[in-house]
$ cat input-v8.pdb   # PDB, C-alpha atoms, pLDDT in the B column
ATOM      1  CA  MET A   1     163.019  59.249 108.550  1.00 64.00           C
ATOM      2  CA  ASN A   2     165.212  58.761 105.504  1.00 79.00           C
ATOM      3  CA  PRO A   3     166.434  61.679 103.341  1.00 83.00           C
ATOM      4  CA  GLU A   4     164.328  60.633 100.343  1.00 83.00           C
ATOM      5  CA  ILE A   5     161.090  61.158 102.298  1.00 82.00           C
ATOM      6  CA  GLN A   6     162.421  64.470 103.613  1.00 82.00           C
ATOM      7  CA  TRP A   7     163.122  65.727 100.080  1.00 86.00           C
ATOM      8  CA  ILE A   8     159.700  64.561  98.918  1.00 86.00           C
ATOM      9  CA  THR A   9     158.125  66.351 101.879  1.00 84.00           C
ATOM     10  CA  LEU A  10     160.105  69.517 101.113  1.00 83.00           C
ATOM     11  CA  GLY A  11     158.945  69.366  97.481  1.00 88.00           C
ATOM     12  CA  TRP A  12     155.320  68.955  98.503  1.00 88.00           C
ATOM     13  CA  MET A  13     155.613  71.838 100.942  1.00 89.00           C
ATOM     14  CA  LEU A  14     157.147  74.030  98.198  1.00 89.00           C
ATOM     15  CA  PHE A  15     154.177  73.111  96.006  1.00 90.00           C
ATOM     16  CA  SER A  16     151.731  73.742  98.886  1.00 91.00           C
ATOM     17  CA  GLY A  17     153.232  77.180  99.547  1.00 91.00           C
ATOM     18  CA  ALA A  18     152.972  78.095  95.876  1.00 92.00           C
ATOM     19  CA  ALA A  19     149.384  76.814  95.784  1.00 92.00           C
ATOM     20  CA  LEU A  20     148.498  78.879  98.870  1.00 92.00           C
ATOM     21  CA  GLY A  21     149.984  81.972  97.215  1.00 92.00           C
ATOM     22  CA  MET A  22     148.078  81.304  93.993  1.00 93.00           C
ATOM     23  CA  VAL A  23     144.768  80.885  95.807  1.00 92.00           C
ATOM     24  CA  TYR A  24     145.442  84.023  97.854  1.00 91.00           C
ATOM     25  CA  ASP A  25     146.219  86.071  94.723  1.00 90.00           C
ATOM     26  CA  SER A  26     143.089  84.743  93.016  1.00 90.00           C
ATOM     27  CA  TYR A  27     140.987  85.592  96.049  1.00 88.00           C
ATOM     28  CA  ARG A  28     142.505  89.080  96.245  1.00 87.00           C
ATOM     29  CA  VAL A  29     141.777  89.796  92.553  1.00 89.00           C
ATOM     30  CA  LEU A  30     138.242  88.414  92.888  1.00 87.00           C
ATOM     31  CA  SER A  31     137.541  90.502  95.976  1.00 85.00           C
ATOM     32  CA  LEU A  32     138.713  93.646  94.171  1.00 83.00           C
ATOM     33  CA  SER A  33     136.750  92.816  91.013  1.00 83.00           C
ATOM     34  CA  PHE A  34     133.449  91.901  92.657  1.00 82.00           C
ATOM     35  CA  ARG A  35     133.710  94.271  95.650  1.00 81.00           C
ATOM     36  CA  PHE A  36     132.479  91.952  98.366  1.00 80.00           C
ATOM     37  CA  PRO A  37     130.738  93.608 101.331  1.00 83.00           C
ATOM     38  CA  ARG A  38     133.052  94.434 104.212  1.00 81.00           C
ATOM     39  CA  TRP A  39     131.405  92.007 106.601  1.00 82.00           C
ATOM     40  CA  SER A  40     132.002  89.075 104.239  1.00 84.00           C
ATOM     41  CA  ILE A  41     135.741  89.706 103.771  1.00 83.00           C
ATOM     42  CA  HIS A  42     136.547  88.540 107.300  1.00 86.00           C
ATOM     43  CA  THR A  43     134.455  85.416 106.843  1.00 88.00           C
ATOM     44  CA  ILE A  44     136.132  84.618 103.523  1.00 87.00           C
ATOM     45  CA  ASP A  45     139.558  85.200 105.105  1.00 87.00           C
ATOM     46  CA  LEU A  46     138.695  82.759 107.878  1.00 91.00           C
ATOM     47  CA  VAL A  47     137.481  80.187 105.342  1.00 91.00           C
ATOM     48  CA  TYR A  48     140.701  80.665 103.329  1.00 88.00           C
ATOM     49  CA  TRP A  49     142.942  80.070 106.332  1.00 89.00           C
ATOM     50  CA  ILE A  50     140.948  77.032 107.492  1.00 93.00           C
ATOM     51  CA  ALA A  51     141.060  75.570 103.969  1.00 92.00           C
ATOM     52  CA  ALA A  52     144.797  76.363 103.745  1.00 91.00           C
ATOM     53  CA  ALA A  53     145.470  74.610 107.064  1.00 90.00           C
ATOM     54  CA  VAL A  54     143.480  71.542 105.992  1.00 92.00           C
ATOM     55  CA  PHE A  55     145.241  71.499 102.595  1.00 90.00           C
ATOM     56  CA  VAL A  56     148.730  71.755 104.124  1.00 89.00           C
ATOM     57  CA  PHE A  57     147.917  69.109 106.733  1.00 89.00           C
ATOM     58  CA  ASN A  58     146.663  66.734 104.019  1.00 89.00           C
ATOM     59  CA  MET A  59     149.814  67.312 101.933  1.00 87.00           C
ATOM     60  CA  LEU A  60     151.985  66.787 104.989  1.00 86.00           C
ATOM     61  CA  TYR A  61     150.113  63.639 105.961  1.00 86.00           C
ATOM     62  CA  ALA A  62     150.325  62.268 102.419  1.00 85.00           C
ATOM     63  CA  SER A  63     154.063  62.900 102.151  1.00 83.00           C
ATOM     64  CA  ASN A  64     155.430  61.873 105.589  1.00 82.00           C
ATOM     65  CA  HIS A  65     152.435  60.816 107.718  1.00 83.00           C
ATOM     66  CA  GLY A  66     152.109  64.204 109.398  1.00 76.00           C
ATOM     67  CA  GLU A  67     155.557  64.579 110.957  1.00 81.00           C
ATOM     68  CA  LEU A  68     156.205  68.244 111.562  1.00 79.00           C
ATOM     69  CA  ARG A  69     159.823  69.333 111.082  1.00 83.00           C
ATOM     70  CA  PHE A  70     161.651  72.604 110.453  1.00 84.00           C
ATOM     71  CA  TYR A  71     162.031  71.958 106.716  1.00 83.00           C
ATOM     72  CA  VAL A  72     158.215  71.775 106.441  1.00 85.00           C
ATOM     73  CA  PHE A  73     157.944  75.429 107.484  1.00 87.00           C
ATOM     74  CA  LEU A  74     160.966  76.292 105.352  1.00 89.00           C
ATOM     75  CA  GLY A  75     159.343  74.619 102.324  1.00 88.00           C
ATOM     76  CA  LEU A  76     156.056  76.466 102.837  1.00 88.00           C
ATOM     77  CA  PHE A  77     157.847  79.801 103.254  1.00 91.00           C
ATOM     78  CA  LEU A  78     160.081  79.242 100.205  1.00 91.00           C
ATOM     79  CA  GLY A  79     157.112  78.093  98.103  1.00 91.00           C
ATOM     80  CA  VAL A  80     155.118  81.230  98.911  1.00 91.00           C
ATOM     81  CA  TRP A  81     158.160  83.478  98.479  1.00 92.00           C
ATOM     82  CA  VAL A  82     159.184  82.010  95.097  1.00 91.00           C
ATOM     83  CA  TYR A  83     155.588  82.125  93.931  1.00 90.00           C
ATOM     84  CA  PHE A  84     155.247  85.829  94.781  1.00 90.00           C
ATOM     85  CA  LEU A  85     158.589  86.579  93.079  1.00 91.00           C
ATOM     86  CA  VAL A  86     157.924  84.640  89.885  1.00 91.00           C
ATOM     87  CA  LEU A  87     154.253  83.843  89.259  1.00 89.00           C
ATOM     88  CA  SER A  88     152.168  86.367  91.196  1.00 90.00           C
ATOM     89  CA  VAL A  89     151.755  88.925  88.393  1.00 91.00           C
ATOM     90  CA  LEU A  90     151.059  86.196  85.842  1.00 93.00           C
ATOM     91  CA  THR A  91     148.394  84.640  88.082  1.00 91.00           C
ATOM     92  CA  GLN A  92     146.719  88.002  88.673  1.00 91.00           C
ATOM     93  CA  LYS A  93     146.600  88.710  84.926  1.00 92.00           C
ATOM     94  CA  PHE A  94     145.247  85.226  84.269  1.00 93.00           C
ATOM     95  CA  VAL A  95     142.495  85.634  86.881  1.00 92.00           C
ATOM     96  CA  VAL A  96     141.553  89.061  85.476  1.00 92.00           C
ATOM     97  CA  MET A  97     141.429  87.546  81.977  1.00 94.00           C
ATOM     98  CA  LEU A  98     139.344  84.633  83.271  1.00 93.00           C
ATOM     99  CA  ILE A  99     136.906  87.053  84.956  1.00 92.00           C
ATOM    100  CA  GLY A 100     136.621  88.979  81.686  1.00 93.00           C
ATOM    101  CA  ILE A 101     135.912  85.774  79.753  1.00 96.00           C
ATOM    102  CA  ILE A 102     133.268  84.704  82.287  1.00 94.00           C
ATOM    103  CA  LYS A 103     131.627  88.156  82.183  1.00 93.00           C
ATOM    104  CA  LYS A 104     131.548  88.073  78.365  1.00 96.00           C
ATOM    105  CA  PHE A 105     130.129  84.561  78.409  1.00 97.00           C
ATOM    106  CA  CYS A 106     127.436  85.607  80.888  1.00 96.00           C
ATOM    107  CA  TYR A 107     126.606  88.647  78.745  1.00 96.00           C
ATOM    108  CA  ILE A 108     126.376  86.494  75.609  1.00 97.00           C
ATOM    109  CA  LEU A 109     124.189  84.003  77.484  1.00 97.00           C
ATOM    110  CA  TYR A 110     121.994  86.859  78.749  1.00 96.00           C
ATOM    111  CA  ARG A 111     121.641  88.307  75.247  1.00 96.00           C
ATOM    112  CA  ALA A 112     120.877  84.882  73.771  1.00 96.00           C
ATOM    113  CA  LEU A 113     118.175  84.227  76.363  1.00 95.00           C
ATOM    114  CA  TYR A 114     116.834  87.732  75.787  1.00 95.00           C
ATOM    115  CA  VAL A 115     116.643  87.148  72.034  1.00 94.00           C
ATOM    116  CA  ILE A 116     115.267  83.618  72.372  1.00 94.00           C
ATOM    117  CA  LEU A 117     112.748  84.233  75.181  1.00 94.00           C
ATOM    118  CA  VAL A 118     112.009  87.886  75.891  1.00 94.00           C
ATOM    119  CA  ILE A 119     111.704  89.309  72.368  1.00 95.00           C
ATOM    120  CA  PRO A 120     109.293  86.574  71.168  1.00 95.00           C
ATOM    121  CA  ILE A 121     107.179  86.940  74.327  1.00 95.00           C
ATOM    122  CA  LYS A 122     107.055  90.714  73.817  1.00 95.00           C
ATOM    123  CA  GLY A 123     106.072  90.161  70.178  1.00 95.00           C
ATOM    124  CA  ILE A 124     103.345  87.698  71.137  1.00 96.00           C
ATOM    125  CA  LEU A 125     101.993  90.094  73.778  1.00 95.00           C
ATOM    126  CA  ARG A 126     102.031  92.960  71.270  1.00 95.00           C
ATOM    127  CA  LEU A 127     100.215  90.775  68.722  1.00 96.00           C
ATOM    128  CA  LEU A 128      97.645  89.740  71.345  1.00 96.00           C
ATOM    129  CA  ARG A 129      97.099  93.382  72.278  1.00 94.00           C
ATOM    130  CA  ILE A 130      96.578  94.303  68.622  1.00 95.00           C
ATOM    131  CA  LEU A 131      94.196  91.376  68.130  1.00 96.00           C
ATOM    132  CA  PHE A 132      92.311  92.290  71.296  1.00 94.00           C
ATOM    133  CA  GLY A 133      92.007  95.887  70.101  1.00 93.00           C
ATOM    134  CA  PHE A 134      90.806  94.690  66.698  1.00 95.00           C
ATOM    135  CA  PHE A 135      88.189  92.384  68.210  1.00 95.00           C
ATOM    136  CA  MET A 136      87.047  95.095  70.620  1.00 94.00           C
ATOM    137  CA  ALA A 137      86.691  97.549  67.734  1.00 94.00           C
ATOM    138  CA  LEU A 138      84.763  94.943  65.732  1.00 95.00           C
ATOM    139  CA  LEU A 139      82.542  94.142  68.712  1.00 95.00           C
ATOM    140  CA  LEU A 140      81.859  97.818  69.362  1.00 92.00           C
ATOM    141  CA  PHE A 141      81.112  98.340  65.672  1.00 94.00           C
ATOM    142  CA  LEU A 142      78.628  95.466  65.732  1.00 95.00           C
ATOM    143  CA  ILE A 143      77.004  96.790  68.922  1.00 93.00           C
ATOM    144  CA  ARG A 144      76.696 100.217  67.362  1.00 92.00           C
ATOM    145  CA  MET A 145      75.174  98.757  64.189  1.00 93.00           C
ATOM    146  CA  VAL A 146      72.652  96.741  66.203  1.00 93.00           C
ATOM    147  CA  TYR A 147      71.861  99.839  68.260  1.00 90.00           C
ATOM    148  CA  TYR A 148      71.183 101.909  65.148  1.00 90.00           C
ATOM    149  CA  ILE A 149      68.994  99.136  63.741  1.00 92.00           C
ATOM    150  CA  ILE A 150      66.840  98.753  66.871  1.00 91.00           C
ATOM    151  CA  ARG A 151      66.858 102.458  67.805  1.00 88.00           C
ATOM    152  CA  PRO A 152      63.540 103.241  66.080  1.00 87.00           C
ATOM    153  CA  PHE A 153      61.873 100.332  67.860  1.00 86.00           C
ATOM    154  CA  LEU A 154      63.282 101.503  71.194  1.00 83.00           C
ATOM    155  CA  LYS A 155      61.787 104.953  70.593  1.00 82.00           C
ATOM    156  CA  LEU A 156      58.403 103.349  69.916  1.00 84.00           C
ATOM    157  CA  LEU A 157      58.669 101.384  73.172  1.00 81.00           C
ATOM    158  CA  TYR A 158      59.782 104.486  75.042  1.00 78.00           C
ATOM    159  CA  LEU A 159      56.638 106.502  74.275  1.00 80.00           C
ATOM    160  CA  PRO A 160      54.205 104.353  76.319  1.00 80.00           C
ATOM    161  CA  ILE A 161      56.518 104.021  79.344  1.00 80.00           C
ATOM    162  CA  ARG A 162      57.682 107.637  79.388  1.00 79.00           C
ATOM    163  CA  PRO A 163      55.257 108.663  82.166  1.00 79.00           C
ATOM    164  CA  LEU A 164      56.519 105.804  84.355  1.00 76.00           C
ATOM    165  CA  ILE A 165      60.135 106.757  83.787  1.00 75.00           C
ATOM    166  CA  SER A 166      59.513 110.388  84.696  1.00 76.00           C
ATOM    167  CA  LYS A 167      58.285 109.302  88.149  1.00 77.00           C
ATOM    168  CA  TRP A 168      61.189 106.882  88.650  1.00 75.00           C
ATOM    169  CA  GLN A 169      63.866 107.910  91.134  1.00 80.00           C
ATOM    170  CA  THR A 170      67.172 106.269  90.439  1.00 77.00           C
ATOM    171  CA  PRO A 171      69.163 104.991  93.460  1.00 84.00           C
ATOM    172  CA  SER A 172      72.597 106.595  93.897  1.00 87.00           C
ATOM    173  CA  TRP A 173      74.531 103.378  93.314  1.00 89.00           C
ATOM    174  CA  MET A 174      72.691 102.816  90.053  1.00 87.00           C
ATOM    175  CA  ALA A 175      73.386 106.411  88.972  1.00 86.00           C
ATOM    176  CA  ARG A 176      77.128 105.930  89.655  1.00 91.00           C
ATOM    177  CA  MET A 177      77.129 102.714  87.689  1.00 91.00           C
ATOM    178  CA  PHE A 178      75.235 104.373  84.846  1.00 88.00           C
ATOM    179  CA  ASN A 179      77.791 107.215  84.792  1.00 91.00           C
ATOM    180  CA  ARG A 180      80.669 104.748  84.594  1.00 92.00           C
ATOM    181  CA  VAL A 181      79.011 102.888  81.731  1.00 91.00           C
ATOM    182  CA  LYS A 182      78.326 106.196  80.009  1.00 90.00           C
ATOM    183  CA  GLU A 183      81.990 107.275  80.405  1.00 91.00           C
ATOM    184  CA  TRP A 184      83.138 103.943  79.058  1.00 88.00           C
ATOM    185  CA  TRP A 185      80.720 104.255  76.154  1.00 84.00           C
ATOM    186  CA  ASN A 186      81.898 107.774  75.340  1.00 86.00           C
ATOM    187  CA  TYR A 187      85.515 106.652  75.578  1.00 83.00           C
ATOM    188  CA  TRP A 188      85.075 103.820  73.061  1.00 75.00           C
ATOM    189  CA  PHE A 189      82.480 105.436  70.797  1.00 68.00           C
TER     190      PHE A 189
END
$ encode --input "input-v8.pdb" --output "structure tokens"
Amino acid sequence: MNPEIQWITLGWMLFSGAALGMVYDSYRVLSLSFRFPRWSIHTIDLVYWIAAAVFVFNMLYASNHGELRFYVFLGLFLGVWVYFLVLSVLTQKFVVMLIGIIKKFCYILYRALYVILVIPIKGILRLLRILFGFFMALLLFLIRMVYYIIRPFLKLLYLPIRPLISKWQTPSWMARMFNRVKEWWNYWF
């Protein structure tokens, strides 16, 4: 293998180490911000290390067809080390800022959907409830008016059938139903 390919491989491994450090810092900040359950942390760690191994293998294969040498490990180590010395704090601040921006965007989206969908639906339901109450009041008023108009005629009809009604024994289910209707009537009138 010629020295040019070795230097290219070392450069890619430096980049891969820095990328692994950046992803690890991002994951660490995200796990602290969102407080993942304990059982999921081990799974996410395993996924991180599998993805890191696949990423490094792909970089190594792209740069020197997968030949594993000492400078590959040296490049990965130096890339991670330089990243943690120079860019770690900056990456953590950037990820925290990005999380804040995403949270604000989600809050603005939530408020917009609330204003666009929920408030009009609440207003329509309130209007329907008012209209229903108005129509019920109008219907009850009309029923009451009709009742007062036909009340004298009902009294005239009641006189001949009064002896029959006095002998009538009302079944219990009918009495319960009559009491419910009477309660409803007293509630609305």
$ atom_distance --input "input-v8.pdb" --atom1 "CA of Trp7 (chain A)" --atom2 "CA of Thr91 (chain A)"
26.8 Å
$ resolve_selection --input "input-v8.pdb" --expression "the PyMOL selection byres ((chain A and resi 78-84) around 12)" --output "JSON, numbers by chain"
{"A": [10, 11, 12, 13, 14, 15, 16, 17, 18, 19, 20, 21, 22, 23, 24, 25, 71, 72, 73, 74, 75, 76, 77, 85, 86, 87, 88, 89, 90, 91, 92]}
$ atom_distance --input "input-v8.pdb" --atom1 "CA of Arg129 (chain A)" --atom2 "CA of Lys182 (chain A)"
24.0 Å
$ closest_residue --input "input-v8.pdb" --among "A:Ile8, A:Met145, A:Ile161, A:Ile44" --to "Ser31 (chain A)" --atoms "all atoms listed in the file"
A:Ile44
$ closest_atom_pairs --input "input-v8.pdb" --of "region 89-148 of chain A" --to "region 34-42 of chain A" --cutoff "12 Å" --atoms "all atoms listed in the file" --output "JSON lines"
{"residue": "A:Val96", "atom": "CA", "partner": "A:Phe34", "partner_atom": "CA", "distance": 11.2}
{"residue": "A:Ile99", "atom": "CA", "partner": "A:Phe34", "partner_atom": "CA", "distance": 9.7}
{"residue": "A:Gly100", "atom": "CA", "partner": "A:Phe34", "partner_atom": "CA", "distance": 11.8}
{"residue": "A:Lys103", "atom": "CA", "partner": "A:Phe34", "partner_atom": "CA", "distance": 11.3}
$ write_last_selection --input "input-v8.pdb" --atoms "C-alpha atoms" --output "tab-separated table (two decimals), in the coordinates of the input"
chain	number	residue	atom	x	y	z
A	96	VAL	CA	141.55	89.06	85.48
A	99	ILE	CA	136.91	87.05	84.96
A	100	GLY	CA	136.62	88.98	81.69
A	103	LYS	CA	131.63	88.16	82.18
$ atom_distance --input "input-v8.pdb" --atom1 "CA of Leu142 (chain A)" --atom2 "CA of Glu183 (chain A)"
19.1 Å
$ closest_residue --input "input-v8.pdb" --among "A:Trp188, A:Phe57, A:Tyr110, A:Trp173" --to "Phe141 (chain A)" --atoms "all atoms listed in the file"
A:Trp188
$ closest_residue --input "input-v8.pdb" --among "A:Gln6, A:Phe94, A:Ser63, A:Leu140" --to "Asn186 (chain A)" --atoms "all atoms listed in the file"
A:Leu140
$ build_atoms --input "input-v8.pdb" --residues "region 36-58 of chain A" --atoms "N, CA and C atoms" --output "short mmCIF file (atom, residue, chain, number, x, y, z; two decimals), in the frame of the given file"
data_model
loop_
_atom_site.label_atom_id
_atom_site.label_comp_id
_atom_site.auth_asym_id
_atom_site.auth_seq_id
_atom_site.Cartn_x
_atom_site.Cartn_y
_atom_site.Cartn_z
N PHE A 36 133.27 92.62 97.34
CA PHE A 36 132.48 91.95 98.37
C PHE A 36 132.15 92.94 99.48
N PRO A 37 131.03 92.75 100.18
CA PRO A 37 130.74 93.61 101.33
C PRO A 37 131.80 93.43 102.42
N ARG A 38 131.99 94.47 103.20
CA ARG A 38 133.05 94.43 104.21
C ARG A 38 132.88 93.30 105.21
N TRP A 39 131.63 93.03 105.59
CA TRP A 39 131.40 92.01 106.60
C TRP A 39 131.78 90.63 106.09
N SER A 40 131.71 90.40 104.77
CA SER A 40 132.00 89.08 104.24
C SER A 40 133.50 88.83 104.06
N ILE A 41 134.30 89.88 103.99
CA ILE A 41 135.74 89.71 103.77
C ILE A 41 136.37 88.93 104.93
N HIS A 42 135.97 89.25 106.15
CA HIS A 42 136.55 88.54 107.30
C HIS A 42 136.14 87.07 107.30
N THR A 43 134.92 86.81 106.92
CA THR A 43 134.46 85.42 106.84
C THR A 43 135.21 84.65 105.76
N ILE A 44 135.41 85.29 104.61
CA ILE A 44 136.13 84.62 103.52
C ILE A 44 137.60 84.40 103.91
N ASP A 45 138.18 85.38 104.62
CA ASP A 45 139.56 85.20 105.10
C ASP A 45 139.65 84.00 106.04
N LEU A 46 138.70 83.89 106.94
CA LEU A 46 138.70 82.76 107.88
C LEU A 46 138.55 81.44 107.13
N VAL A 47 137.66 81.40 106.14
CA VAL A 47 137.48 80.19 105.34
C VAL A 47 138.77 79.86 104.59
N TYR A 48 139.44 80.89 104.04
CA TYR A 48 140.70 80.67 103.33
C TYR A 48 141.74 80.03 104.25
N TRP A 49 141.91 80.59 105.44
CA TRP A 49 142.94 80.07 106.33
C TRP A 49 142.60 78.67 106.85
N ILE A 50 141.33 78.40 107.08
CA ILE A 50 140.95 77.03 107.49
C ILE A 50 141.21 76.05 106.36
N ALA A 51 140.82 76.44 105.12
CA ALA A 51 141.06 75.57 103.97
C ALA A 51 142.56 75.39 103.73
N ALA A 52 143.35 76.47 103.92
CA ALA A 52 144.80 76.36 103.74
C ALA A 52 145.40 75.41 104.77
N ALA A 53 144.95 75.50 106.02
CA ALA A 53 145.47 74.61 107.06
C ALA A 53 145.12 73.16 106.76
N VAL A 54 143.88 72.92 106.33
CA VAL A 54 143.48 71.54 105.99
C VAL A 54 144.27 71.03 104.80
N PHE A 55 144.47 71.89 103.79
CA PHE A 55 145.24 71.50 102.60
C PHE A 55 146.69 71.15 102.96
N VAL A 56 147.33 72.00 103.74
CA VAL A 56 148.73 71.76 104.12
C VAL A 56 148.82 70.50 104.98
N PHE A 57 147.88 70.31 105.90
CA PHE A 57 147.92 69.11 106.73
C PHE A 57 147.75 67.86 105.87
N ASN A 58 146.84 67.90 104.90
CA ASN A 58 146.66 66.73 104.02
C ASN A 58 147.92 66.46 103.20
#
